[in-house]
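Raw input.csv, CSV, C-alpha atoms and all ligand atoms:
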chain,number,residue,atom,x,y,z
P,1,MET,CA,1.2,-19.8,20.3
P,2,ASP,CA,3.5,-18.1,17.7
P,3,THR,CA,4.1,-14.4,17.9
P,4,PHE,CA,4.7,-11.7,15.4
P,5,GLY,CA,5.5,-8.0,15.5
P,6,PHE,CA,4.5,-5.2,13.1
P,7,VAL,CA,6.0,-1.8,13.0
P,8,ILE,CA,3.7,1.2,12.6
P,9,HIS,CA,4.0,5.0,12.5
P,10,PRO,CA,1.5,7.9,12.0
P,11,LEU,CA,0.9,8.8,8.3
P,12,ASP,CA,-0.3,12.3,9.0
P,13,MET,CA,-1.5,14.7,11.7
P,14,ASN,CA,-4.9,12.9,11.9
P,15,ASP,CA,-3.2,9.7,12.9
P,16,VAL,CA,-1.1,11.5,15.5
P,17,ILE,CA,-4.3,13.0,17.0
P,18,ARG,CA,-6.1,9.6,16.9
P,19,PHE,CA,-3.3,8.2,19.1
P,20,ASP,CA,-2.9,11.3,21.2
P,21,PRO,CA,-5.8,13.8,21.2
P,22,LYS,CA,-3.5,16.3,23.0
P,23,ALA,CA,-1.8,16.9,19.6
P,24,GLU,CA,-5.0,18.6,18.3
P,25,GLY,CA,-4.3,22.2,17.2
P,26,LYS,CA,-0.5,21.8,17.6
P,27,ARG,CA,1.8,22.8,14.7
P,28,ILE,CA,3.3,20.0,12.6
P,29,GLU,CA,6.8,21.3,13.3
P,30,LEU,CA,6.3,20.9,17.1
P,31,VAL,CA,4.7,17.5,16.7
P,32,SER,CA,7.6,16.4,14.4
P,33,LYS,CA,10.1,17.5,17.1
P,34,VAL,CA,8.2,15.5,19.8
P,35,LEU,CA,8.1,12.4,17.6
P,36,GLU,CA,11.8,12.8,16.8
P,37,TRP,CA,12.6,12.2,20.5
P,38,MET,CA,9.9,9.6,21.2
P,39,PRO,CA,11.5,6.2,21.6
P,40,ALA,CA,10.1,3.1,19.9
P,41,ASN,CA,7.4,1.5,22.0
P,42,ASN,CA,4.9,-1.4,22.3
P,43,GLN,CA,1.7,0.1,21.0
P,44,SER,CA,-0.8,-2.8,21.5
P,45,HIS,CA,-1.4,-6.6,21.7
P,46,ILE,CA,-3.2,-8.1,18.7
P,47,THR,CA,-5.2,-11.2,19.5
P,48,GLY,CA,-7.8,-13.5,17.9
P,49,ILE,CA,-6.2,-14.2,14.5
P,50,ARG,CA,-7.5,-17.7,13.7
P,51,SER,CA,-6.7,-19.4,10.4
P,52,LYS,CA,-9.2,-21.6,8.5
P,53,THR,CA,-6.9,-24.4,9.5
P,54,GLY,CA,-7.7,-23.7,13.2
P,55,LYS,CA,-4.3,-22.4,14.1
P,56,GLU,CA,-4.3,-19.2,16.2
P,57,ILE,CA,-1.5,-16.6,16.5
P,58,HIS,CA,-1.0,-13.3,18.3
P,59,GLY,CA,1.2,-10.3,17.8
P,60,TYR,CA,2.2,-6.7,18.8
P,61,PHE,CA,2.1,-3.4,17.1
P,62,LEU,CA,5.4,-1.6,17.7
P,63,ALA,CA,5.5,2.1,17.1
P,64,ALA,CA,8.5,3.7,15.4
P,65,SER,CA,6.9,7.1,15.4
P,66,PHE,CA,8.0,9.5,12.7
P,67,LEU,CA,5.8,11.2,10.1
P,68,PRO,CA,6.5,10.3,6.4
P,69,HIS,CA,8.6,13.4,5.7
P,70,GLN,CA,10.9,12.6,8.7
P,71,PHE,CA,11.6,9.1,7.3
P,72,ILE,CA,12.9,10.8,4.2
P,73,GLN,CA,14.6,13.9,5.7
P,74,LEU,CA,16.2,12.8,9.0
P,75,PRO,CA,19.6,11.2,9.1
P,76,ARG,CA,19.3,7.6,7.8
P,77,GLU,CA,21.0,6.1,10.9
P,78,LYS,CA,18.6,7.8,13.3
P,79,VAL,CA,15.6,6.4,11.4
P,80,TYR,CA,17.1,2.9,11.1
P,81,GLN,CA,17.9,2.9,14.8
P,82,LYS,CA,14.3,3.6,15.9
P,83,ILE,CA,13.0,0.8,13.6
P,84,ILE,CA,15.6,-1.6,14.9
P,85,ASN,CA,14.7,-0.7,18.5
P,86,ALA,CA,11.0,-1.5,17.6
P,87,GLY,CA,12.2,-4.8,16.3
P,88,LYS,CA,14.2,-5.5,19.5
P,89,ILE,CA,11.1,-4.9,21.6
P,90,ALA,CA,9.3,-7.4,19.3
P,91,GLU,CA,12.1,-9.9,19.9
P,92,SER,CA,11.9,-9.4,23.7
P,93,LEU,CA,8.1,-10.1,23.5
P,94,GLY,CA,8.8,-13.4,21.8
P,95,ALA,CA,8.1,-12.5,18.2
P,96,LYS,CA,9.8,-14.6,15.5
P,97,ILE,CA,9.1,-12.2,12.6
P,98,ILE,CA,8.4,-8.5,12.2
P,99,GLY,CA,6.6,-6.7,9.4
P,100,LEU,CA,7.6,-3.2,8.3
P,101,GLY,CA,4.6,-0.9,7.9
P,102,GLY,CA,4.3,2.3,5.9
P,103,PHE,CA,7.6,4.2,5.4
P,104,THR,CA,9.6,1.8,7.7
P,105,SER,CA,9.9,-0.4,4.6
P,106,VAL,CA,10.4,2.5,2.2
P,107,VAL,CA,13.4,4.1,3.9
P,108,GLY,CA,16.9,3.3,2.6
P,109,ASP,CA,17.4,-0.3,1.4
P,110,ALA,CA,13.8,-1.4,2.0
P,111,GLY,CA,14.4,-3.6,5.0
P,112,HIS,CA,17.9,-5.2,4.4
P,113,THR,CA,19.7,-3.1,7.1
P,114,ILE,CA,16.9,-3.7,9.6
P,115,ALA,CA,17.1,-7.4,9.0
P,116,GLU,CA,20.9,-7.4,9.4
P,117,ASN,CA,20.5,-5.8,12.9
P,118,LEU,CA,17.9,-8.2,14.3
P,119,ASN,CA,17.8,-11.8,15.4
P,120,ILE,CA,14.3,-12.4,14.0
P,121,ALA,CA,13.0,-12.5,10.4
P,122,VAL,CA,11.8,-9.4,8.7
P,123,THR,CA,9.3,-8.8,5.9
P,124,SER,CA,8.1,-5.6,4.2
P,125,GLY,CA,4.8,-7.1,3.3
P,126,SER,CA,5.2,-6.0,-0.4
P,127,SER,CA,4.5,-9.4,-1.9
P,128,TYR,CA,0.9,-9.6,-0.5
P,129,THR,CA,0.4,-5.9,-1.1
P,130,ILE,CA,1.2,-6.4,-4.8
P,131,ALA,CA,-1.2,-9.5,-5.0
P,132,THR,CA,-4.1,-7.6,-3.4
P,133,ALA,CA,-3.4,-4.4,-5.5
P,134,LEU,CA,-3.7,-6.4,-8.7
P,135,GLU,CA,-6.8,-8.3,-7.5
P,136,GLY,CA,-8.5,-5.1,-6.3
P,137,THR,CA,-7.7,-3.2,-9.5
P,138,LEU,CA,-9.1,-5.9,-11.7
P,139,ALA,CA,-12.2,-6.2,-9.5
P,140,ALA,CA,-12.7,-2.5,-9.6
P,141,ALA,CA,-12.3,-2.4,-13.4
P,142,ARG,CA,-14.9,-5.1,-13.7
P,143,ALA,CA,-17.3,-3.1,-11.5
P,144,MET,CA,-16.8,-0.1,-13.8
P,145,GLU,CA,-17.4,-2.4,-16.9
P,146,ILE,CA,-13.8,-1.8,-18.2
P,147,ASP,CA,-12.4,-4.7,-20.2
P,148,PRO,CA,-8.7,-4.8,-19.2
P,149,LYS,CA,-7.8,-6.4,-22.5
P,150,GLU,CA,-9.0,-3.2,-24.3
P,151,ALA,CA,-7.7,-0.8,-21.6
P,152,THR,CA,-4.8,1.5,-21.3
P,153,ALA,CA,-3.1,1.4,-17.8
P,154,THR,CA,-0.6,3.4,-15.8
P,155,VAL,CA,1.5,2.5,-12.9
P,156,VAL,CA,2.7,5.4,-10.7
P,157,GLY,CA,5.9,4.7,-8.7
P,158,ALA,CA,6.7,1.9,-11.1
P,159,THR,CA,10.4,1.8,-10.1
P,160,GLY,CA,9.6,0.9,-6.5
P,161,SER,CA,9.2,-2.5,-4.7
P,162,ILE,CA,5.5,-2.6,-5.3
P,163,GLY,CA,5.2,-0.6,-8.5
P,164,ARG,CA,7.8,-2.6,-10.4
P,165,VAL,CA,6.0,-6.0,-10.0
P,166,CYS,CA,2.5,-4.4,-10.4
P,167,ALA,CA,3.8,-3.1,-13.8
P,168,GLN,CA,5.0,-6.5,-14.8
P,169,LEU,CA,1.8,-8.3,-13.8
P,170,LEU,CA,-0.6,-5.6,-15.0
P,171,SER,CA,1.2,-5.5,-18.5
P,172,ARG,CA,-0.2,-9.1,-19.1
P,173,GLU,CA,-3.7,-8.0,-18.4
P,174,VAL,CA,-4.1,-4.8,-20.4
P,175,GLU,CA,-3.8,-3.5,-24.0
P,176,SER,CA,-1.1,-1.0,-23.2
P,177,LEU,CA,0.8,0.3,-20.2
P,178,THR,CA,2.6,3.5,-19.2
P,179,ILE,CA,5.0,3.5,-16.3
P,180,THR,CA,6.0,6.7,-14.4
P,181,ALA,CA,8.2,7.9,-11.5
P,182,ARG,CA,10.8,10.6,-11.2
P,183,SER,CA,14.0,8.8,-12.4
P,184,LEU,CA,14.0,8.1,-16.2
P,185,SER,CA,17.0,5.8,-16.0
P,186,ARG,CA,15.3,3.6,-13.4
P,187,LEU,CA,12.1,3.6,-15.4
P,188,LYS,CA,14.0,2.3,-18.5
P,189,THR,CA,15.3,-0.6,-16.5
P,190,VAL,CA,11.8,-1.4,-15.3
P,191,ALA,CA,10.5,-1.2,-18.9
P,192,GLU,CA,13.0,-3.9,-19.9
P,193,ALA,CA,11.8,-6.1,-17.0
P,194,VAL,CA,8.2,-5.6,-18.1
P,195,HIS,CA,9.1,-6.5,-21.7
P,196,GLU,CA,11.0,-9.6,-20.5
P,197,PHE,CA,8.0,-10.7,-18.5
P,198,SER,CA,5.1,-10.1,-20.9
P,199,GLY,CA,6.6,-9.2,-24.3
P,200,LYS,CA,5.0,-5.7,-24.1
P,201,ARG,CA,6.9,-2.5,-24.2
P,202,PRO,CA,5.5,0.1,-21.8
P,203,ARG,CA,5.5,3.8,-22.5
P,204,VAL,CA,8.0,5.5,-20.1
P,205,THR,CA,7.5,9.0,-18.8
P,206,THR,CA,8.5,11.1,-15.8
P,207,ASP,CA,5.5,13.5,-16.5
P,208,LEU,CA,2.8,12.2,-14.1
P,209,HIS,CA,0.0,14.3,-15.7
P,210,SER,CA,0.6,13.0,-19.2
P,211,ALA,CA,1.0,9.4,-17.8
P,212,LEU,CA,-2.4,9.6,-16.3
P,213,LEU,CA,-4.4,11.5,-18.9
P,214,GLY,CA,-5.2,8.6,-21.2
P,215,ALA,CA,-5.4,5.8,-18.5
P,216,ASP,CA,-8.5,3.7,-17.9
P,217,ILE,CA,-6.8,1.9,-15.1
P,218,VAL,CA,-4.2,3.3,-12.7
P,219,ILE,CA,-2.2,1.6,-9.9
P,220,SER,CA,-0.5,4.2,-7.8
P,221,ALA,CA,2.3,3.1,-5.4
P,222,SER,CA,4.6,6.1,-5.0
P,223,SER,CA,6.4,7.1,-1.8
P,224,SER,CA,5.7,10.8,-2.6
P,225,GLY,CA,4.1,11.5,0.8
P,226,GLY,CA,0.7,11.9,-0.7
P,227,GLY,CA,-1.5,14.0,-2.9
P,228,ILE,CA,0.3,13.9,-6.2
P,229,ILE,CA,-2.7,12.8,-8.3
P,230,LYS,CA,-4.8,15.9,-9.1
P,231,PRO,CA,-8.4,15.9,-10.4
P,232,ILE,CA,-7.4,17.4,-13.8
P,233,SER,CA,-5.1,14.5,-14.7
P,234,LEU,CA,-7.7,11.7,-14.6
P,235,ARG,CA,-9.7,10.4,-17.6
P,236,SER,CA,-13.5,10.2,-17.2
P,237,GLY,CA,-14.5,6.6,-16.2
P,238,ALA,CA,-11.0,5.8,-14.9
P,239,VAL,CA,-10.4,3.3,-12.0
P,240,VAL,CA,-7.5,4.2,-9.6
P,241,CYS,CA,-6.2,1.7,-7.1
P,242,ASP,CA,-4.3,3.9,-4.6
P,243,VAL,CA,-1.8,1.6,-2.8
P,244,ALA,CA,0.4,4.5,-1.5
P,245,LEU,CA,0.3,5.5,2.2
P,246,PRO,CA,-0.3,8.4,2.6
P,247,HIS,CA,-2.5,8.2,-0.5
P,248,ASP,CA,-1.3,9.5,-3.9
P,249,CYS,CA,-4.8,10.7,-4.8
P,250,SER,CA,-5.4,14.2,-3.5
P,251,ARG,CA,-8.6,14.9,-1.5
P,252,GLU,CA,-9.8,17.1,-4.4
P,253,VAL,CA,-10.2,14.0,-6.6
P,254,ALA,CA,-13.0,12.9,-4.2
P,255,ASP,CA,-14.5,16.4,-4.1
P,256,MET,CA,-14.3,17.2,-7.8
P,257,ARG,CA,-14.5,13.9,-9.8
P,258,ASP,CA,-17.7,12.0,-9.4
P,259,ASP,CA,-16.9,10.2,-12.7
P,260,VAL,CA,-13.9,8.2,-11.5
P,261,LEU,CA,-13.6,5.3,-9.1
P,262,VAL,CA,-10.8,5.5,-6.6
P,263,ILE,CA,-10.2,2.6,-4.3
P,264,GLU,CA,-7.7,2.1,-1.5
P,265,GLY,CA,-5.3,-0.8,-2.4
P,266,GLY,CA,-4.1,-3.5,-0.1
P,267,LEU,CA,-7.0,-3.8,2.4
P,268,VAL,CA,-7.6,-7.3,3.7
P,269,GLU,CA,-10.2,-9.1,5.9
P,270,VAL,CA,-8.4,-11.1,8.6
P,271,PRO,CA,-9.8,-14.5,9.7
P,272,GLY,CA,-11.0,-14.9,13.2
P,273,PRO,CA,-12.2,-12.6,16.0
P,274,VAL,CA,-9.2,-10.3,15.6
P,275,HIS,CA,-8.7,-7.5,18.1
P,276,PHE,CA,-6.0,-5.0,17.2
P,277,GLY,CA,-5.9,-3.3,20.5
P,278,THR,CA,-5.6,0.1,18.9
P,279,ASN,CA,-7.5,2.1,16.3
P,280,PHE,CA,-5.5,2.6,13.2
P,281,GLY,CA,-8.4,4.0,11.2
P,282,TYR,CA,-10.0,0.9,9.5
P,283,PRO,CA,-13.2,-1.0,10.4
P,284,PRO,CA,-13.0,-4.0,12.6
P,285,ARG,CA,-11.1,-7.0,11.2
P,286,ILE,CA,-9.6,-5.0,8.3
P,287,ALA,CA,-5.8,-4.9,8.0
P,288,LEU,CA,-3.3,-3.7,5.5
P,289,ALA,CA,-1.9,-6.3,3.2
P,290,CYS,CA,1.6,-5.8,4.6
P,291,MET,CA,0.3,-6.6,8.1
P,292,ALA,CA,-1.6,-9.6,6.7
P,293,GLU,CA,1.6,-10.9,5.0
P,294,THR,CA,3.3,-11.0,8.4
P,295,MET,CA,0.4,-12.8,9.9
P,296,ILE,CA,0.3,-15.4,7.1
P,297,LEU,CA,4.0,-16.1,7.4
P,298,THR,CA,3.5,-16.6,11.2
P,299,LEU,CA,0.6,-19.0,10.6
P,300,GLU,CA,2.8,-20.9,8.2
P,301,GLY,CA,5.7,-21.0,10.6
P,302,ARG,CA,7.8,-19.4,7.8
P,303,PHE,CA,10.1,-17.3,9.9
P,304,GLU,CA,12.3,-16.0,7.1
P,305,ASN,CA,13.2,-12.7,5.4
P,306,TYR,CA,10.4,-13.0,2.9
P,307,SER,CA,9.9,-9.6,1.0
P,308,LEU,CA,12.9,-7.4,1.3
P,309,GLY,CA,14.5,-4.8,-0.9
P,310,ARG,CA,13.3,-3.4,-4.2
P,311,ARG,CA,13.3,-6.6,-6.3
P,312,ILE,CA,10.3,-8.5,-5.1
P,313,GLU,CA,10.0,-12.0,-6.7
P,314,ILE,CA,6.9,-12.7,-8.7
P,315,GLU,CA,6.9,-16.3,-7.4
P,316,LYS,CA,6.5,-15.0,-3.9
P,317,VAL,CA,3.6,-12.8,-4.9
P,318,MET,CA,1.9,-15.9,-6.3
P,319,GLU,CA,2.9,-18.0,-3.2
P,320,ILE,CA,1.6,-15.6,-0.6
P,321,GLN,CA,-1.7,-15.2,-2.5
P,322,HIS,CA,-2.1,-19.0,-2.3
P,323,LEU,CA,-1.2,-19.0,1.4
P,324,ALA,CA,-3.6,-16.2,2.1
P,325,GLN,CA,-6.5,-18.2,0.6
P,326,LYS,CA,-5.4,-21.3,2.6
P,327,HIS,CA,-5.7,-19.4,5.9
P,328,GLY,CA,-8.9,-17.5,5.0
P,329,PHE,CA,-7.5,-14.0,4.3
P,330,LYS,CA,-9.5,-12.2,1.6
P,331,LEU,CA,-9.7,-8.8,-0.1
P,332,ALA,CA,-11.8,-6.4,1.9
P,333,GLY,CA,-14.7,-4.6,0.1
P,334,PHE,CA,-13.9,-1.4,-1.8
P,335,ARG,CA,-13.0,1.6,0.3
P,336,SER,CA,-12.3,5.1,-0.9
P,337,PHE,CA,-11.1,8.1,1.1
P,338,ASN,CA,-11.6,6.3,4.4
P,339,ALA,CA,-15.2,5.2,3.6
P,340,PRO,CA,-16.8,2.1,2.1
P,341,VAL,CA,-17.8,2.3,-1.6
P,342,THR,CA,-21.4,1.1,-2.1
P,343,GLN,CA,-22.8,-0.5,-5.3
P,344,GLU,CA,-25.1,2.6,-5.6
P,345,GLN,CA,-22.0,4.8,-5.7
P,346,ILE,CA,-20.5,2.7,-8.4
P,347,GLU,CA,-23.8,2.9,-10.4
P,348,MET,CA,-23.8,6.7,-9.9
P,349,ILE,CA,-20.2,7.0,-11.2
P,350,LYS,CA,-21.0,4.9,-14.2
P,351,GLY,CA,-24.2,7.1,-14.9
P,352,ASN,CA,-22.1,10.3,-14.6
P,353,VAL,CA,-19.5,8.9,-17.1
P,354,LYS,CA,-22.3,8.0,-19.6
P,355,GLN,CA,-23.8,11.5,-19.3
P,356,LEU,CA,-20.5,13.2,-19.9
P,357,ARG,CA,-19.8,11.0,-22.9
P,358,GLN,CA,-23.2,11.8,-24.4
P,359,LYS,CA,-22.6,15.5,-23.8
P,360,SER,CA,-19.2,15.4,-25.5
P,361,LYS,CA,-20.7,13.6,-28.5
P,362,ILE,CA,-23.4,16.2,-28.9
P,363,SER,CA,-20.9,19.1,-28.7
P,364,ILE,CA,-18.7,17.4,-31.3
P,365,SER,CA,-21.6,16.9,-33.7
W,1,LIG,N1,-1.4,-0.7,1.3
W,1,LIG,C1,-0.4,-1.4,1.9
W,1,LIG,O1,-0.6,-2.5,2.5
W,1,LIG,C2,1.1,-0.9,1.7
W,1,LIG,C3,2.1,-1.8,2.0
W,1,LIG,C4,3.4,-1.4,1.8
W,1,LIG,C5,3.6,-0.1,1.3
W,1,LIG,N2,2.6,0.7,1.0
W,1,LIG,C6,2.9,2.0,0.4
W,1,LIG,O2,3.1,1.8,-1.0
W,1,LIG,C7,4.0,2.9,-1.4
W,1,LIG,C8,5.2,2.3,-2.2
W,1,LIG,O3,5.9,1.5,-1.4
W,1,LIG,P1,7.3,0.8,-1.9
W,1,LIG,O4,7.8,-0.1,-0.8
W,1,LIG,O5,7.1,0.3,-3.3
W,1,LIG,O6,8.2,2.1,-2.0
W,1,LIG,P2,9.5,2.4,-2.9
W,1,LIG,O7,10.2,1.1,-3.2
W,1,LIG,O8,10.3,3.4,-2.2
W,1,LIG,O9,9.0,3.0,-4.2
W,1,LIG,C9,8.4,4.2,-4.3
W,1,LIG,C10,8.2,4.7,-5.8
W,1,LIG,O10,7.7,6.0,-5.8
W,1,LIG,C11,8.4,6.8,-6.7
W,1,LIG,N3,8.2,8.2,-6.3
W,1,LIG,C12,8.6,8.8,-5.1
W,1,LIG,N4,8.2,10.0,-5.0
W,1,LIG,C13,7.5,10.3,-6.2
W,1,LIG,C14,6.9,11.4,-6.7
W,1,LIG,N5,6.9,12.6,-6.1
W,1,LIG,N6,6.3,11.3,-8.0
W,1,LIG,C15,6.3,10.1,-8.6
W,1,LIG,N7,6.9,9.0,-8.2
W,1,LIG,C16,7.5,9.1,-7.0
W,1,LIG,C17,9.8,6.2,-6.6
W,1,LIG,O11,10.6,6.5,-7.7
W,1,LIG,P3,11.4,7.9,-8.0
W,1,LIG,O12,12.2,8.1,-6.7
W,1,LIG,O13,12.3,7.6,-9.2
W,1,LIG,O14,10.4,8.9,-8.2
W,1,LIG,C18,9.5,4.7,-6.6
W,1,LIG,O15,9.2,4.3,-7.9
W,1,LIG,C19,4.4,3.7,-0.2
W,1,LIG,O16,3.6,4.8,-0.1
W,1,LIG,C20,4.1,2.7,0.9
W,1,LIG,O17,3.8,3.4,2.1
W,1,LIG,C21,1.3,0.3,1.2

Once you've parsed the file, please lay out its structure as C-alpha cells.
Ligand SMILES: NC(=O)c1ccc[n+]([C@@H]2O[C@H](COP(=O)([O-])OP(=O)(O)OC[C@H]3O[C@@H](n4cnc5c(N)ncnc54)[C@H](OP(=O)(O)O)[C@@H]3O)[C@@H](O)[C@H]2O)c1
Amino acid sequence: MDTFGFVIHPLDMNDVIRFDPKAEGKRIELVSKVLEWMPANNQSHITGIRSKTGKEIHGYFLAASFLPHQFIQLPREKVYQKIINAGKIAESLGAKIIGLGGFTSVVGDAGHTIAENLNIAVTSGSSYTIATALEGTLAAARAMEIDPKEATATVVGATGSIGRVCAQLLSREVESLTITARSLSRLKTVAEAVHEFSGKRPRVTTDLHSALLGADIVISASSSGGGIIKPISLRSGAVVCDVALPHDCSREVADMRDDVLVIEGGLVEVPGPVHFGTNFGYPPRIALACMAETMILTLEGRFENYSLGRRIEIEKVMEIQHLAQKHGFKLAGFRSFNAPVTQEQIEMIKGNVKQLRQKSKISIS
C-alpha cells in the first residue's frame, strides 16, 4: 500500500491546547519557546483512505511545531531544518511524497528548498486548494443569489501562490475584480497576469479596507497570521471565502455581521472510512484541500513535486480537480468559524440583507 506524509503545525493557542491540554493558561511566549525546541515528530497514522477506484492508501501526520509568527520571525534555516526533519521521518516511514500544511508551504521559497533536501516528492497542496476555493466561492455566491457575472470581486493576498491563480480564474467569472496585498509592485505583475489570462484589468490597491468595501465576492488567501478583515470593511450581502490559515476574517465579523456569509475555503470530504488518528479540529472525514492533494497524488502514483513555489500552473489546478473527482474527493458542506453553515442560516442572512436594503431605501427617500 502506498504511503504519504503530511506536515502539520499548530495555527494558534487553541490548537496547541488541543494537542497538549497542559498548555492551557500558559503564556504564548513560553509556549513558543517550548515549540522552538520541540523536534519534528510523527504525530499520527492516517488509515482508511479508499478511492472510488478501490485503491487504498495510508499516511502519517508529521508535526513541525511552530506557531505562524515563528515561521515568519525565526531564522529561515532553523525553520527549514525542522520541516526537512519532518520530511525525513516521513521518508523513514516509507512515504513517497509529503504535503506541506499551513505555514510550512508559506515560508521562504514555498517548498523548493524542502524538496531539494529530501529524497521524496513534495507538494504544497496549493493547486487543489485553489480549485476548491473557486468552487466553494461560486457555490456560496449562488446560495446568496449573487450572479457572478454582475458582481464585483476582491482577492486578498493576490500576489501569493493561491491568491494569484484565484485572481486569474475568478476574473473570468465576475464583472470586475480588485486585487490587494502589501506590495504594490508585485500586485502590478499579477494584474498583468490576470489581464493576459482573461482580458480584464483588475483594480490594484494595497488598501485592504477600500479593496473590500465594494466587493460582493471575496476570496481571502493572505499569510497575515489572521484577523485582518474587520466587520466595518464588508459590504452587506457579501460572500467571503476565507482560505487563509489562520483565517483572515476576524472573529468580530461573525459576532457583528449577520448580513454577510463567510465560509472556510479548501475543506474536502475524503473517500473511504478515513481515520486521521488525531483531532485537528474538523468533523470526521473532512480534510484540508492541501492534505487531499497529497492523498490524490498518492492514489495516482504521481510521486512528483507537483505544486511548488509561487507560480502555480493553471493546468495543474484543472488536472487535480479532475483527479479529485475520479477518486471521489468532493467539496465539504459550508463551514464558518469552525461550525457548519445551515440552509436556515443562509436564509436568515439573506433576510437581513433585504431588510437593510429596504431601510436604506426608506431613509434615502
Ligand atoms: N485551506 C487550505 O487547504 C490551505 C492550503 C494551503 C495554504 N493555506 C493558507 O492560505 C494562505 C495563503 O497561502 P500561500 O501559499 O498562497 O501564501 P503566500 O504565497 O505566502 O501568499 C501570501 C499572500 O498574502 C499577502 N499578505 C501577507 N500578509 C498580508 C497582510 N498583512 N495584508 C495583506 N496581504 C498580506 C502576501 O503579499 P504581501 O507580502 O505583498 O502582502 C501574499 O500575497 C496561508 O494563510 C496558508 O496558510 C490554506

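Comparing P:Ile362, P:Leu30, P:Val353, P:Ile98 by their smallest distance to Phe303 of chain P, the closest is P:Ile98 (using all atoms listed in the file).
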
Next on the checklist: Could you list the protein, DNA and RNA residues that have any atom within 6 Å of ligand LIG 1 (chain W), counting only C-alpha atoms and all ligand atoms, and write them as a PyMOL selection string?
Outcome noted: chain P and resi 102-103+105-106+126+129+157-163+181-183+221-224+243-246+265-266+288-290+310

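Using only C-alpha atoms, the smallest distance between any of P:Gly125, P:Met144, P:Glu175, P:Leu134 and Ser220 of chain P comes from P:Leu134.
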
Item to check | Best match for closeness to Asn85 of chain P among P:Gly108, P:Pro39, P:Gly5, P:Pro21, counting all atoms listed in the file | outcome: P:Pro39

Checklist entry - Quick one: of P:His9, P:Arg302, P:Arg257, P:Arg235, who's nearest to Val122 of chain P, counting all atoms listed in the file? => result P:Arg302

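The smallest atom-to-atom distance between Val260 of chain P and any of P:Glu313, P:Glu29, P:Glu347, P:Glu196, using all atoms listed in the file, is found for P:Glu347.
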
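Nearest to Ala110 of chain P of all the residues P:Arg311, P:Arg172, P:Lys88, P:Arg285 is P:Arg311, based on only C-alpha atoms.
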
Checklist entry - Which neighbours of Val270 of chain P fall inside 8 Å, counting only C-alpha atoms, when residues of the same chain fewer than 3 positions from it are skipped, and could you give them as an MDAnalysis selection string? => result chainID P and resid 49 274 285:287 292 328:330

Checklist entry - What is the distance between atom CA of His69 of chain P and atom CA of Ile228 of chain P, in Å to one decimal? => result 14.5 Å

Item to check | segment 203-211 of chain P environment, 12 Å, all atoms listed in the file, sequence neighbours closer than 5 positions dropped, as JSON, numbers by chain | outcome: {"P": [152, 153, 154, 155, 156, 157, 158, 159, 167, 171, 175, 176, 177, 178, 179, 180, 181, 182, 183, 184, 185, 186, 187, 188, 189, 190, 191, 192, 194, 195, 216, 217, 218, 219, 220, 222, 224, 228, 229, 230, 231, 232, 233, 234, 235, 248]}

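Take atom CA of Gly101 of chain P and atom CA of Ser65 of chain P: the distance between them is 11.2 Å.
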
Using the partial input, fill out segment 342-351 of chain P with N, CA, C and O atoms; write the result as a short mmCIF file (atom, residue, chain, number, x, y, z; two decimals), in the frame of the given file.
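The file below, out-v1.cif, is the result:
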data_model
loop_
_atom_site.label_atom_id
_atom_site.label_comp_id
_atom_site.auth_asym_id
_atom_site.auth_seq_id
_atom_site.Cartn_x
_atom_site.Cartn_y
_atom_site.Cartn_z
N THR P 342 -20.19 1.92 -1.96
CA THR P 342 -21.40 1.10 -2.10
C THR P 342 -21.63 0.83 -3.62
O THR P 342 -21.13 1.56 -4.48
N GLN P 343 -22.45 -0.20 -3.91
CA GLN P 343 -22.80 -0.50 -5.30
C GLN P 343 -23.56 0.72 -5.89
O GLN P 343 -23.36 1.05 -7.06
N GLU P 344 -24.37 1.39 -5.07
CA GLU P 344 -25.10 2.60 -5.60
C GLU P 344 -24.13 3.66 -6.03
O GLU P 344 -24.34 4.30 -7.05
N GLN P 345 -23.04 3.83 -5.26
CA GLN P 345 -22.00 4.80 -5.70
C GLN P 345 -21.41 4.47 -7.00
O GLN P 345 -21.19 5.33 -7.85
N ILE P 346 -21.12 3.18 -7.16
CA ILE P 346 -20.50 2.70 -8.40
C ILE P 346 -21.48 2.99 -9.59
O ILE P 346 -21.09 3.50 -10.64
N GLU P 347 -22.77 2.68 -9.36
CA GLU P 347 -23.80 2.90 -10.40
C GLU P 347 -23.86 4.42 -10.73
O GLU P 347 -23.98 4.81 -11.89
N MET P 348 -23.75 5.26 -9.68
CA MET P 348 -23.80 6.70 -9.90
C MET P 348 -22.60 7.17 -10.73
O MET P 348 -22.74 7.96 -11.65
N ILE P 349 -21.43 6.65 -10.40
CA ILE P 349 -20.20 7.00 -11.20
C ILE P 349 -20.37 6.63 -12.62
O ILE P 349 -20.11 7.43 -13.54
N LYS P 350 -20.87 5.40 -12.84
CA LYS P 350 -21.00 4.90 -14.20
C LYS P 350 -22.06 5.81 -14.97
O LYS P 350 -21.87 6.14 -16.14
N GLY P 351 -23.13 6.19 -14.26
CA GLY P 351 -24.20 7.10 -14.90
C GLY P 351 -23.54 8.42 -15.24
O GLY P 351 -23.79 8.95 -16.33
#
